[in-house]
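Below is input_19.pdb, holding PDB, C-alpha atoms and all ligand atoms.
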```
ATOM      1  CA  ILE D   9      -5.060 -29.264 -59.641
ATOM      2  CA  LYS D  10      -5.061 -26.379 -62.036
ATOM      3  CA  ARG D  11      -2.533 -26.857 -64.832
ATOM      4  CA  ILE D  12      -0.430 -23.848 -65.563
ATOM      5  CA  ASP D  13       1.331 -23.166 -68.822
ATOM      6  CA  LYS D  14       4.975 -22.891 -67.711
ATOM      7  CA  ASP D  15       6.019 -20.843 -70.724
ATOM      8  CA  TYR D  16       3.470 -18.249 -69.778
ATOM      9  CA  ILE D  17       4.928 -17.909 -66.264
ATOM     10  CA  LYS D  18       8.502 -17.819 -67.524
ATOM     11  CA  TYR D  19       7.549 -14.985 -69.841
ATOM     12  CA  PHE D  20       7.720 -12.640 -66.848
ATOM     13  CA  GLN D  21      11.366 -13.439 -66.092
ATOM     14  CA  SER D  22      13.795 -10.870 -67.331
ATOM     15  CA  GLU D  23      16.170 -12.309 -69.894
ATOM     16  CA  ALA D  24      18.676  -9.475 -69.854
ATOM     17  CA  LYS D  25      22.151 -10.846 -70.597
ATOM     18  CA  LEU D  26      25.621  -9.551 -70.058
ATOM     19  CA  MET D  27      27.051  -7.917 -73.134
ATOM     20  CA  PRO D  28      29.160 -10.564 -74.902
ATOM     21  CA  TYR D  29      32.912 -10.041 -75.406
ATOM     22  CA  THR D  30      33.089  -7.295 -72.810
ATOM     23  CA  TRP D  31      34.891  -7.298 -69.474
ATOM     24  CA  ALA D  32      32.253  -7.927 -66.833
ATOM     25  CA  VAL D  33      33.152  -6.628 -63.383
ATOM     26  CA  ILE D  34      31.244  -7.744 -60.313
ATOM     27  CA  ARG D  35      31.769  -5.301 -57.471
ATOM     28  CA  ILE D  36      30.647  -6.239 -54.009
ATOM     29  CA  ASP D  37      30.564  -3.821 -51.089
ATOM     30  CA  GLY D  38      29.883  -4.372 -47.407
ATOM     31  CA  CYS D  39      26.480  -3.116 -46.266
ATOM     32  CA  HIS D  40      26.678  -0.598 -43.418
ATOM     33  CA  PHE D  41      30.279  -1.528 -42.693
ATOM     34  CA  HIS D  42      30.708   1.742 -40.859
ATOM     35  CA  LYS D  43      28.548   0.220 -38.155
ATOM     36  CA  PHE D  44      29.906  -3.311 -38.617
ATOM     37  CA  ALA D  45      33.471  -1.988 -38.098
ATOM     38  CA  ASP D  46      32.444  -0.111 -34.948
ATOM     39  CA  VAL D  47      30.572  -3.037 -33.439
ATOM     40  CA  HIS D  48      33.544  -5.366 -33.970
ATOM     41  CA  LYS D  49      36.069  -2.754 -32.866
ATOM     42  CA  PHE D  50      38.036  -2.621 -36.113
ATOM     43  CA  GLU D  51      41.193  -0.556 -35.777
ATOM     44  CA  LYS D  52      41.045   2.910 -37.296
ATOM     45  CA  PRO D  53      41.620   3.857 -39.995
ATOM     46  CA  ASN D  54      42.647   0.377 -41.178
ATOM     47  CA  ASP D  55      42.223  -2.979 -39.566
ATOM     48  CA  GLU D  56      44.787  -5.319 -41.123
ATOM     49  CA  GLN D  57      42.956  -8.450 -39.998
ATOM     50  CA  ALA D  58      39.705  -7.211 -41.527
ATOM     51  CA  LEU D  59      41.469  -6.528 -44.830
ATOM     52  CA  LYS D  60      43.171  -9.935 -44.753
ATOM     53  CA  LEU D  61      39.807 -11.586 -44.147
ATOM     54  CA  MET D  62      38.440  -9.801 -47.228
ATOM     55  CA  ASN D  63      41.458 -11.079 -49.211
ATOM     56  CA  GLU D  64      40.911 -14.633 -48.005
ATOM     57  CA  CYS D  65      37.288 -14.475 -49.186
ATOM     58  CA  ALA D  66      38.415 -13.129 -52.555
ATOM     59  CA  VAL D  67      40.860 -16.028 -52.930
ATOM     60  CA  GLY D  68      37.925 -18.331 -52.186
ATOM     61  CA  VAL D  69      35.892 -16.684 -54.945
ATOM     62  CA  LEU D  70      38.732 -17.099 -57.470
ATOM     63  CA  ASP D  71      39.057 -20.738 -56.520
ATOM     64  CA  GLU D  72      35.315 -21.378 -56.808
ATOM     65  CA  PHE D  73      34.463 -19.253 -59.864
ATOM     66  CA  ARG D  74      37.152 -20.106 -62.398
ATOM     67  CA  GLU D  75      35.829 -17.484 -64.815
ATOM     68  CA  VAL D  76      37.199 -14.784 -62.474
ATOM     69  CA  ILE D  77      40.683 -13.910 -63.684
ATOM     70  CA  PHE D  78      41.575 -10.922 -61.528
ATOM     71  CA  SER D  79      40.219  -9.138 -58.485
ATOM     72  CA  TYR D  80      40.997  -5.944 -56.639
ATOM     73  CA  GLY D  81      39.899  -5.057 -53.129
ATOM     74  CA  VAL D  82      40.048  -2.157 -50.733
ATOM     75  CA  SER D  83      38.171  -1.354 -47.514
ATOM     76  CA  ASP D  84      34.873  -3.285 -47.563
ATOM     77  CA  GLU D  85      34.737  -3.777 -51.331
ATOM     78  CA  TYR D  86      36.088  -6.191 -53.924
ATOM     79  CA  SER D  87      35.893  -6.141 -57.719
ATOM     80  CA  PHE D  88      35.944  -9.423 -59.634
ATOM     81  CA  ILE D  89      36.734  -9.425 -63.339
ATOM     82  CA  LEU D  90      35.304 -12.188 -65.501
ATOM     83  CA  LYS D  91      37.214 -13.563 -68.444
ATOM     84  CA  ARG D  92      35.875 -12.026 -71.632
ATOM     85  CA  SER D  93      34.904 -15.315 -73.191
ATOM     86  CA  SER D  94      33.486 -16.583 -69.916
ATOM     87  CA  HIS D  95      30.464 -18.833 -70.282
ATOM     88  CA  LEU D  96      28.980 -16.996 -67.316
ATOM     89  CA  GLN D  97      28.487 -14.038 -69.576
ATOM     90  CA  ARG D  98      25.781 -15.946 -71.351
ATOM     91  CA  THR D  99      23.740 -16.397 -68.198
ATOM     92  CA  ASN D 100      21.546 -13.987 -66.337
ATOM     93  CA  PRO D 101      23.511 -11.195 -64.599
ATOM     94  CA  SER D 102      21.538 -11.544 -61.373
ATOM     95  CA  ASP D 103      22.570 -15.239 -61.136
ATOM     96  CA  ILE D 104      26.250 -14.360 -61.289
ATOM     97  CA  VAL D 105      26.072 -11.459 -58.876
ATOM     98  CA  SER D 106      23.954 -13.286 -56.334
ATOM     99  CA  SER D 107      26.176 -16.403 -56.462
ATOM    100  CA  VAL D 108      29.366 -14.422 -55.903
ATOM    101  CA  VAL D 109      27.831 -12.269 -53.167
ATOM    102  CA  SER D 110      26.413 -15.206 -51.262
ATOM    103  CA  PHE D 111      29.629 -17.234 -51.598
ATOM    104  CA  PHE D 112      31.754 -14.293 -50.429
ATOM    105  CA  THR D 113      29.465 -13.599 -47.467
ATOM    106  CA  SER D 114      29.348 -17.171 -46.203
ATOM    107  CA  MET D 115      33.119 -17.400 -46.583
ATOM    108  CA  TYR D 116      33.448 -14.207 -44.514
ATOM    109  CA  VAL D 117      31.439 -15.803 -41.720
ATOM    110  CA  MET D 118      33.251 -19.154 -41.966
ATOM    111  CA  LYS D 119      36.700 -17.554 -41.818
ATOM    112  CA  TRP D 120      35.878 -14.922 -39.195
ATOM    113  CA  LYS D 121      37.352 -16.815 -36.223
ATOM    114  CA  ALA D 122      40.602 -17.502 -38.039
ATOM    115  CA  PHE D 123      41.190 -13.752 -38.352
ATOM    116  CA  PHE D 124      39.440 -12.542 -35.181
ATOM    117  CA  PRO D 125      39.978 -15.338 -32.646
ATOM    118  CA  LEU D 126      39.149 -13.060 -29.728
ATOM    119  CA  THR D 127      36.128 -11.262 -31.195
ATOM    120  CA  ASP D 128      32.689 -12.822 -31.512
ATOM    121  CA  LEU D 129      30.768 -12.117 -34.672
ATOM    122  CA  VAL D 130      27.795 -10.336 -33.140
ATOM    123  CA  CYS D 131      25.884  -9.187 -36.220
ATOM    124  CA  GLN D 132      25.540 -10.575 -39.731
ATOM    125  CA  PRO D 133      27.884  -9.190 -42.356
ATOM    126  CA  SER D 134      26.143  -8.621 -45.669
ATOM    127  CA  PHE D 135      27.307  -7.386 -49.053
ATOM    128  CA  ASP D 136      25.603  -5.821 -52.022
ATOM    129  CA  GLY D 137      26.751  -6.492 -55.544
ATOM    130  CA  ARG D 138      26.413  -5.253 -59.094
ATOM    131  CA  VAL D 139      27.877  -6.162 -62.430
ATOM    132  CA  VAL D 140      29.037  -3.694 -65.037
ATOM    133  CA  CYS D 141      30.337  -4.551 -68.526
ATOM    134  CA  TYR D 142      33.267  -2.578 -69.893
ATOM    135  CA  PRO D 143      33.654  -2.813 -73.663
ATOM    136  CA  SER D 144      37.448  -2.413 -73.941
ATOM    137  CA  THR D 145      40.586  -3.308 -72.020
ATOM    138  CA  GLU D 146      41.477   0.374 -71.861
ATOM    139  CA  ILE D 147      38.214   1.197 -70.091
ATOM    140  CA  LEU D 148      38.643  -1.780 -67.760
ATOM    141  CA  ARG D 149      42.118  -0.486 -66.842
ATOM    142  CA  ASP D 150      40.566   2.947 -66.192
ATOM    143  CA  TYR D 151      37.999   1.310 -63.930
ATOM    144  CA  LEU D 152      40.727  -0.427 -61.885
ATOM    145  CA  SER D 153      42.771   2.775 -61.750
ATOM    146  CA  TRP D 154      39.729   4.618 -60.443
ATOM    147  CA  ARG D 155      39.361   2.111 -57.595
ATOM    148  CA  GLN D 156      43.067   2.311 -56.714
ATOM    149  CA  VAL D 157      43.090   6.109 -56.804
ATOM    150  CA  ASP D 158      40.070   6.021 -54.509
ATOM    151  CA  CYS D 159      42.000   3.724 -52.156
ATOM    152  CA  HIS D 160      44.935   6.143 -52.106
ATOM    153  CA  ILE D 161      42.830   9.266 -51.537
ATOM    154  CA  ASN D 162      40.732   7.683 -48.785
ATOM    155  CA  ASN D 163      43.714   6.103 -47.056
ATOM    156  CA  GLN D 164      45.719   9.293 -47.067
ATOM    157  CA  TYR D 165      42.791  11.285 -45.716
ATOM    158  CA  ASN D 166      41.879   8.686 -43.095
ATOM    159  CA  THR D 167      45.501   8.287 -41.951
ATOM    160  CA  CYS D 168      45.759  12.056 -41.366
ATOM    161  CA  PHE D 169      42.315  12.275 -39.802
ATOM    162  CA  TRP D 170      42.912   9.516 -37.253
ATOM    163  CA  MET D 171      46.439  10.687 -36.407
ATOM    164  CA  LEU D 172      44.979  14.129 -35.623
ATOM    165  CA  VAL D 173      42.155  12.626 -33.559
ATOM    166  CA  LYS D 174      44.483  10.245 -31.705
ATOM    167  CA  SER D 175      46.738  13.202 -30.887
ATOM    168  CA  GLY D 176      43.855  14.932 -29.119
ATOM    169  CA  LYS D 177      42.075  16.980 -31.808
ATOM    170  CA  SER D 178      38.299  16.797 -31.958
ATOM    171  CA  ARG D 179      36.804  15.160 -35.038
ATOM    172  CA  SER D 180      35.465  18.467 -36.306
ATOM    173  CA  ASP D 181      38.842  20.179 -35.785
ATOM    174  CA  ALA D 182      40.571  17.385 -37.671
ATOM    175  CA  GLN D 183      38.033  17.739 -40.471
ATOM    176  CA  GLN D 184      38.624  21.491 -40.573
ATOM    177  CA  ILE D 185      42.420  21.102 -40.702
ATOM    178  CA  LEU D 186      42.178  18.687 -43.641
ATOM    179  CA  LYS D 187      39.523  20.574 -45.572
ATOM    180  CA  GLY D 188      40.776  21.422 -49.067
ATOM    181  CA  THR D 189      44.292  20.034 -48.520
ATOM    182  CA  GLN D 190      46.130  18.472 -51.453
ATOM    183  CA  SER D 191      48.006  15.182 -51.367
ATOM    184  CA  GLN D 192      51.379  16.903 -50.859
ATOM    185  CA  GLU D 193      50.075  18.898 -47.882
ATOM    186  CA  LYS D 194      48.814  15.725 -46.251
ATOM    187  CA  MET D 195      52.235  14.096 -46.701
ATOM    188  CA  GLU D 196      53.825  17.132 -45.023
ATOM    189  CA  LEU D 197      51.295  17.122 -42.207
ATOM    190  CA  LEU D 198      52.118  13.484 -41.445
ATOM    191  CA  ALA D 199      55.883  14.058 -41.697
ATOM    192  CA  ASN D 200      56.023  17.315 -39.717
ATOM    193  CA  ASN D 201      53.506  16.554 -36.972
ATOM    194  CA  PHE D 202      53.873  12.834 -36.528
ATOM    195  CA  GLY D 203      57.207  11.889 -38.103
ATOM    196  CA  ILE D 204      55.426   9.551 -40.511
ATOM    197  CA  ASP D 205      56.681   9.040 -44.061
ATOM    198  CA  TYR D 206      53.439   8.180 -45.866
ATOM    199  CA  ASN D 207      55.301   6.040 -48.398
ATOM    200  CA  THR D 208      56.441   3.666 -45.662
ATOM    201  CA  ILE D 209      52.875   2.860 -44.558
ATOM    202  CA  GLY D 210      51.983  -0.747 -45.397
ATOM    203  CA  GLU D 211      51.449  -1.491 -49.069
ATOM    204  CA  MET D 212      48.150  -3.237 -48.420
ATOM    205  CA  LEU D 213      46.777  -0.020 -46.921
ATOM    206  CA  ARG D 214      48.183   2.338 -49.567
ATOM    207  CA  LEU D 215      47.639   0.200 -52.657
ATOM    208  CA  GLY D 216      44.814  -2.201 -51.831
ATOM    209  CA  SER D 217      44.997  -5.899 -52.708
ATOM    210  CA  SER D 218      44.992  -7.765 -55.998
ATOM    211  CA  ALA D 219      44.171 -11.464 -56.026
ATOM    212  CA  PHE D 220      44.791 -13.346 -59.248
ATOM    213  CA  TRP D 221      46.044 -16.572 -60.802
ATOM    214  CA  GLU D 222      49.771 -16.756 -61.351
ATOM    215  CA  GLU D 223      51.912 -19.362 -63.061
ATOM    216  CA  GLU D 224      54.752 -20.572 -60.843
ATOM    217  CA  ASN D 225      57.110 -23.399 -61.811
ATOM    218  CA  GLY D 226      54.569 -24.735 -64.261
ATOM    219  CA  CYS D 227      51.602 -24.749 -61.901
ATOM    220  CA  SER D 228      48.955 -22.087 -61.426
ATOM    221  CA  LYS D 229      48.099 -20.712 -58.026
ATOM    222  CA  ILE D 230      46.157 -17.819 -56.580
ATOM    223  CA  VAL D 231      48.323 -15.038 -55.183
ATOM    224  CA  VAL D 232      47.498 -11.838 -53.293
ATOM    225  CA  GLN D 233      49.757  -8.873 -54.031
ATOM    226  CA  HIS D 234      49.730  -5.198 -53.168
ATOM    227  CA  CYS D 235      50.956  -3.531 -56.309
ATOM    228  CA  ASN D 236      50.460  -0.507 -58.494
ATOM    229  CA  ILE D 237      47.812  -1.515 -61.033
ATOM    230  CA  ILE D 238      47.558   1.964 -62.549
ATOM    231  CA  ASP D 239      50.934   1.997 -64.342
ATOM    232  CA  ASP D 240      51.725  -0.302 -67.260
ATOM    233  CA  GLY D 241      54.429  -2.179 -65.315
ATOM    234  CA  PHE D 242      52.152  -4.679 -63.587
ATOM    235  CA  TRP D 243      50.195  -5.469 -66.750
ATOM    236  CA  GLY D 244      53.380  -5.750 -68.781
ATOM    237  CA  ALA D 245      54.716  -8.269 -66.262
ATOM    238  CA  HIS D 246      51.426 -10.230 -66.322
ATOM    239  CA  PRO D 247      50.382 -10.170 -69.981
ATOM    240  CA  CYS D 248      48.172 -13.252 -69.629
ATOM    241  CA  ILE D 249      45.638 -11.696 -67.276
ATOM    242  CA  LEU D 250      43.996  -9.359 -69.775
ATOM    243  CA  ALA D 251      45.008 -11.316 -72.895
TER     244      ALA D 251
HETATM  245  P1  LIG D 301      27.099   1.208 -47.448
HETATM  246  O1  LIG D 301      28.189   0.609 -48.269
HETATM  247  O2  LIG D 301      26.427   2.315 -48.169
HETATM  248  O3  LIG D 301      26.139   0.202 -46.905
HETATM  249  O4  LIG D 301      27.778   1.898 -46.144
HETATM  250  P2  LIG D 301      29.187   1.626 -45.500
HETATM  251  O5  LIG D 301      29.096   2.052 -44.075
HETATM  252  O6  LIG D 301      29.628   0.222 -45.746
HETATM  253  O7  LIG D 301      30.131   2.666 -46.249
HETATM  254  P3  LIG D 301      31.272   2.500 -47.354
HETATM  255  O8  LIG D 301      31.215   1.181 -48.041
HETATM  256  O9  LIG D 301      31.209   3.713 -48.218
HETATM  257  O10 LIG D 301      32.592   2.634 -46.514
HETATM  258  C1  LIG D 301      33.175   1.574 -45.833
HETATM  259  C2  LIG D 301      33.041   1.763 -44.338
HETATM  260  O11 LIG D 301      33.567   0.622 -43.701
HETATM  261  C3  LIG D 301      33.823   2.945 -43.817
HETATM  262  O12 LIG D 301      32.938   3.944 -43.427
HETATM  263  C4  LIG D 301      34.555   2.441 -42.613
HETATM  264  C5  LIG D 301      34.339   0.961 -42.613
HETATM  265  N1  LIG D 301      35.621   0.250 -42.720
HETATM  266  C6  LIG D 301      36.078  -0.483 -43.755
HETATM  267  N2  LIG D 301      37.291  -0.983 -43.488
HETATM  268  C7  LIG D 301      37.611  -0.558 -42.249
HETATM  269  C8  LIG D 301      38.740  -0.753 -41.390
HETATM  270  O13 LIG D 301      39.731  -1.419 -41.737
HETATM  271  N3  LIG D 301      38.720  -0.145 -40.171
HETATM  272  C9  LIG D 301      37.655   0.593 -39.772
HETATM  273  N4  LIG D 301      37.680   1.158 -38.563
HETATM  274  N5  LIG D 301      36.570   0.794 -40.535
HETATM  275  C10 LIG D 301      36.552   0.220 -41.750
HETATM  276 MG    MG D 302      27.328  -0.249 -50.553
HETATM  277 MG    MG D 303      30.064  -0.482 -47.669
HETATM  278 MG    MG D 304      32.808   0.547 -49.404
END
```
Could you write out this file's structure as structure tokens?
Amino acid sequence: IKRIDKDYIKYFQSEAKLMPYTWAVIRIDGCHFHKFADVHKFEKPNDEQALKLMNECAVGVLDEFREVIFSYGVSDEYSFILKRSSHLQRTNPSDIVSSVVSFFTSMYVMKWKAFFPLTDLVCQPSFDGRVVCYPSTEILRDYLSWRQVDCHINNQYNTCFWMLVKSGKSRSDAQQILKGTQSQEKMELLANNFGIDYNTIGEMLRLGSSAFWEEENGCSKIVVQHCNIIDDGFWGAHPCILA
């Protein structure tokens, strides 16, 4: 048997590391979930069970990867924030991302029936993932705000779009009606045409979901809340998360 110098082979492995003392964010996103949602007949624009399944998987990730201190999810994506001093930050980024992605995906499959008892899982869900390091808490907060603003904009648009379509408009007509409209106009469209006060739509749909560790009566547990993470209020009430 030919003997191979192991150091020589290892030389080809990339040793890129996460930047130390930064906030590392792993964001996973469902692959082709447009199709996955159609195939499994997810409700439009939002399927509450599908979102709750995502939240359950996120709770599983927090429980398994104790370096994750906060997570935020919307639609088919979830962002996981690693503690700044996390030992994971000293390992290879691809190890962390692939571990979280594979754990999340298998959890999604394992928990499927609990959330969709009447729907068979007929194709494999898969997720992609990436990790990005943010050098300051301020930039991390901006990142989270960006995701929550995205949630708001998409949800408002999709709510209007599907109300128009369900009321008999064609998809292209609905698109045309909404083209260039501002947030306020969309609120008025929902109120005037459908009697819907946008602000009364479920918090999970409007604000997305945050899963994080919370201290309660002396013991820590993972909670899922639907709160405003853009304003200072939430962070002021939970100073330990980004300490
Ligand atoms: P990708 O990420 O490039 O592989 O492609 P997609 O199709 O996953 O696109 P993405 O991630 O930009 O958008 C998420 C898609 O997932 C969106 O087009 C609709 C679908 N989706 C997510 N949540 C729901 C839901 O609650 N109900 C329905 N009907 N569809 C959903
Ligand atoms: Mg994607
Ligand atoms: Mg996707
Ligand atoms: Mg997505």
Contact check, chain D to ligand MG 302 (chain D), at most 9 Å, counting all atoms listed in the file, closest pairs as a Markdown table:
```
| residue | atom | partner | partner_atom | distance |
| --- | --- | --- | --- | --- |
| D:Ile36 | CA | D:MG302 | MG | 7.7 |
| D:Asp37 | CA | D:MG302 | MG | 4.8 |
| D:Gly38 | CA | D:MG302 | MG | 5.8 |
| D:Cys39 | CA | D:MG302 | MG | 5.2 |
| D:His40 | CA | D:MG302 | MG | 7.2 |
| D:Phe41 | CA | D:MG302 | MG | 8.5 |
| D:Asp84 | CA | D:MG302 | MG | 8.7 |
| D:Glu85 | CA | D:MG302 | MG | 8.2 |
| D:Phe135 | CA | D:MG302 | MG | 7.3 |
| D:Asp136 | CA | D:MG302 | MG | 6.0 |
| D:Gly137 | CA | D:MG302 | MG | 8.0 |
```
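Distances from D:Phe20, D:Tyr29, D:Tyr86, D:Phe44 to ligand LIG 301 (chain D) were compared using all atoms listed in the file, and the smallest one belongs to D:Phe44.
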Please report, as a Markdown table, each residue of chain D lying at most 12 Å from ligand LIG 301 (chain D), together with the nearest pair of atoms and the separation in Å rounded to one decimal; use all atoms listed in the file, and order rows by chain and ascending residue number.
```
| residue | atom | partner | partner_atom | distance |
| --- | --- | --- | --- | --- |
| D:Arg35 | CA | D:LIG301 | O8 | 11.5 |
| D:Ile36 | CA | D:LIG301 | O1 | 9.3 |
| D:Asp37 | CA | D:LIG301 | O1 | 5.8 |
| D:Gly38 | CA | D:LIG301 | O6 | 4.9 |
| D:Cys39 | CA | D:LIG301 | O3 | 3.4 |
| D:His40 | CA | D:LIG301 | O3 | 3.6 |
| D:Phe41 | CA | D:LIG301 | O6 | 3.6 |
| D:His42 | CA | D:LIG301 | O5 | 3.6 |
| D:Lys43 | CA | D:LIG301 | O5 | 6.2 |
| D:Phe44 | CA | D:LIG301 | C5 | 7.3 |
| D:Ala45 | CA | D:LIG301 | N5 | 4.8 |
| D:Asp46 | CA | D:LIG301 | N4 | 6.5 |
| D:Val47 | CA | D:LIG301 | N4 | 9.7 |
| D:His48 | CA | D:LIG301 | N4 | 9.0 |
| D:Lys49 | CA | D:LIG301 | N4 | 7.1 |
| D:Phe50 | CA | D:LIG301 | N4 | 4.5 |
| D:Glu51 | CA | D:LIG301 | N4 | 4.8 |
| D:Lys52 | CA | D:LIG301 | N4 | 4.0 |
| D:Pro53 | CA | D:LIG301 | N3 | 4.9 |
| D:Asn54 | CA | D:LIG301 | O13 | 3.5 |
| D:Asp55 | CA | D:LIG301 | O13 | 3.7 |
| D:Glu56 | CA | D:LIG301 | O13 | 6.4 |
| D:Gln57 | CA | D:LIG301 | O13 | 7.9 |
| D:Ala58 | CA | D:LIG301 | O13 | 5.8 |
| D:Leu59 | CA | D:LIG301 | O13 | 6.2 |
| D:Lys60 | CA | D:LIG301 | O13 | 9.7 |
| D:Leu61 | CA | D:LIG301 | O13 | 10.4 |
| D:Met62 | CA | D:LIG301 | N2 | 9.6 |
| D:Gly81 | CA | D:LIG301 | N2 | 10.8 |
| D:Val82 | CA | D:LIG301 | N2 | 7.8 |
| D:Ser83 | CA | D:LIG301 | N2 | 4.1 |
| D:Asp84 | CA | D:LIG301 | C6 | 4.9 |
| D:Glu85 | CA | D:LIG301 | O8 | 6.9 |
| D:Tyr86 | CA | D:LIG301 | O8 | 10.6 |
| D:Pro133 | CA | D:LIG301 | O6 | 10.2 |
| D:Ser134 | CA | D:LIG301 | O3 | 8.9 |
| D:Phe135 | CA | D:LIG301 | O3 | 8.0 |
| D:Asp136 | CA | D:LIG301 | O1 | 7.9 |
| D:Gly137 | CA | D:LIG301 | O1 | 10.3 |
| D:Asp158 | CA | D:LIG301 | O9 | 11.1 |
| D:Cys159 | CA | D:LIG301 | N2 | 10.9 |
| D:Asn162 | CA | D:LIG301 | C3 | 9.7 |
| D:Asn163 | CA | D:LIG301 | O13 | 10.0 |
| D:Asn166 | CA | D:LIG301 | C4 | 9.6 |
| D:Thr167 | CA | D:LIG301 | N3 | 11.0 |
| D:Trp170 | CA | D:LIG301 | N4 | 9.9 |
| D:Met212 | CA | D:LIG301 | O13 | 10.9 |
| D:Leu213 | CA | D:LIG301 | O13 | 8.9 |
| D:Gly216 | CA | D:LIG301 | N2 | 11.3 |
```
Please write the residues picked by the PyMOL selection byres (((chain D and resi 229) around 12) and not hetatm) on this file as a short mmCIF file (atom, residue, chain, number, x, y, z; two decimals) with C-alpha atoms, in the frame of the given file.
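See out.cif below for the written result:
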```
data_model
loop_
_atom_site.label_atom_id
_atom_site.label_comp_id
_atom_site.auth_asym_id
_atom_site.auth_seq_id
_atom_site.Cartn_x
_atom_site.Cartn_y
_atom_site.Cartn_z
CA VAL D 67 40.86 -16.03 -52.93
CA GLY D 68 37.92 -18.33 -52.19
CA LEU D 70 38.73 -17.10 -57.47
CA ASP D 71 39.06 -20.74 -56.52
CA ARG D 74 37.15 -20.11 -62.40
CA ILE D 77 40.68 -13.91 -63.68
CA ALA D 219 44.17 -11.46 -56.03
CA PHE D 220 44.79 -13.35 -59.25
CA TRP D 221 46.04 -16.57 -60.80
CA GLU D 222 49.77 -16.76 -61.35
CA GLU D 223 51.91 -19.36 -63.06
CA GLU D 224 54.75 -20.57 -60.84
CA ASN D 225 57.11 -23.40 -61.81
CA GLY D 226 54.57 -24.74 -64.26
CA CYS D 227 51.60 -24.75 -61.90
CA SER D 228 48.96 -22.09 -61.43
CA ILE D 230 46.16 -17.82 -56.58
CA VAL D 231 48.32 -15.04 -55.18
CA VAL D 232 47.50 -11.84 -53.29
#
```
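Comparing D:Ser87, D:Gln21, D:Gln132, D:Thr113 by their smallest distance to ligand MG 304 (chain D), the closest is D:Ser87 (using only C-alpha atoms and all ligand atoms).
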Specify as an NGL selection string each residue included when the PyMOL selection byres (((chain D and resi 191) around 12) and not hetatm) is applied to this file. :D and (157 or 160-165 or 167-168 or 186-190 or 192-198 or 206)
Do you know which residues lie at most 12 Å from (15.0, -17.4, -69.0), with coordinates as in the file and only C-alpha atoms counted, and could you write them as a short mmCIF file (atom, residue, chain, number, x, y, z; two decimals) with C-alpha atoms, keeping the file's coordinate frame?
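The resulting file, part36.cif, is shown below:
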```cif
data_model
loop_
_atom_site.label_atom_id
_atom_site.label_comp_id
_atom_site.auth_asym_id
_atom_site.auth_seq_id
_atom_site.Cartn_x
_atom_site.Cartn_y
_atom_site.Cartn_z
CA LYS D 14 4.97 -22.89 -67.71
CA ASP D 15 6.02 -20.84 -70.72
CA TYR D 16 3.47 -18.25 -69.78
CA ILE D 17 4.93 -17.91 -66.26
CA LYS D 18 8.50 -17.82 -67.52
CA TYR D 19 7.55 -14.98 -69.84
CA PHE D 20 7.72 -12.64 -66.85
CA GLN D 21 11.37 -13.44 -66.09
CA SER D 22 13.80 -10.87 -67.33
CA GLU D 23 16.17 -12.31 -69.89
CA ALA D 24 18.68 -9.48 -69.85
CA LYS D 25 22.15 -10.85 -70.60
CA ARG D 98 25.78 -15.95 -71.35
CA THR D 99 23.74 -16.40 -68.20
CA ASN D 100 21.55 -13.99 -66.34
CA PRO D 101 23.51 -11.20 -64.60
CA SER D 102 21.54 -11.54 -61.37
CA ASP D 103 22.57 -15.24 -61.14
#
```
List the spatial neighbours of Ser93 (chain D) as a short mmCIF file (atom, residue, chain, number, x, y, z; two decimals) with C-alpha atoms, in the frame of the given file - criterion: any atom at most 12 Å away, all atoms listed in the file, same-chain residues fewer than 5 positions off excluded.
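Contents of the output file result34.cif:
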```
data_model
loop_
_atom_site.label_atom_id
_atom_site.label_comp_id
_atom_site.auth_asym_id
_atom_site.auth_seq_id
_atom_site.Cartn_x
_atom_site.Cartn_y
_atom_site.Cartn_z
CA LEU D 26 25.62 -9.55 -70.06
CA MET D 27 27.05 -7.92 -73.13
CA PRO D 28 29.16 -10.56 -74.90
CA TYR D 29 32.91 -10.04 -75.41
CA THR D 30 33.09 -7.30 -72.81
CA TRP D 31 34.89 -7.30 -69.47
CA ALA D 32 32.25 -7.93 -66.83
CA GLU D 75 35.83 -17.48 -64.82
CA VAL D 76 37.20 -14.78 -62.47
CA ILE D 77 40.68 -13.91 -63.68
CA ARG D 98 25.78 -15.95 -71.35
CA LEU D 250 44.00 -9.36 -69.78
CA ALA D 251 45.01 -11.32 -72.90
#
```
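Considering only C-alpha atoms, the residue among D:Arg11, D:Arg138, D:Arg155, D:Lys174 positioned nearest to Val105 (chain D) is D:Arg138.
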Could you check how far CA of Gln156 (chain D) sits from CA of Gly241 (chain D), in Å to one decimal? 14.9 Å
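Take CA of Lys91 (chain D) and CA of Met115 (chain D): the distance between them is 22.6 Å.
CA of Ser106 (chain D) lies 24.2 Å from CA of Trp154 (chain D).
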With 5 Å on each side, where is the centre of the axis-aligned box around all listed atoms of region 106-113 of chain D, and how long are its edges in Å to one decimal, as AutoDock Vina command-line options?
```
--center_x 27.9 --center_y -14.8 --center_z -52.0 --size_x 17.8 --size_y 15.0 --size_z 19.0
```
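Taking all atoms listed in the file into account, Val139 (chain D) lies nearest to D:Val109 out of the set D:Lys119, D:Leu172, D:Ser153, D:Val109.
In this comparison, which uses only C-alpha atoms, the residue of D:Ala245, D:Cys65, D:Ile238, D:Val130 approaching Glu146 (chain D) most closely is D:Ile238.
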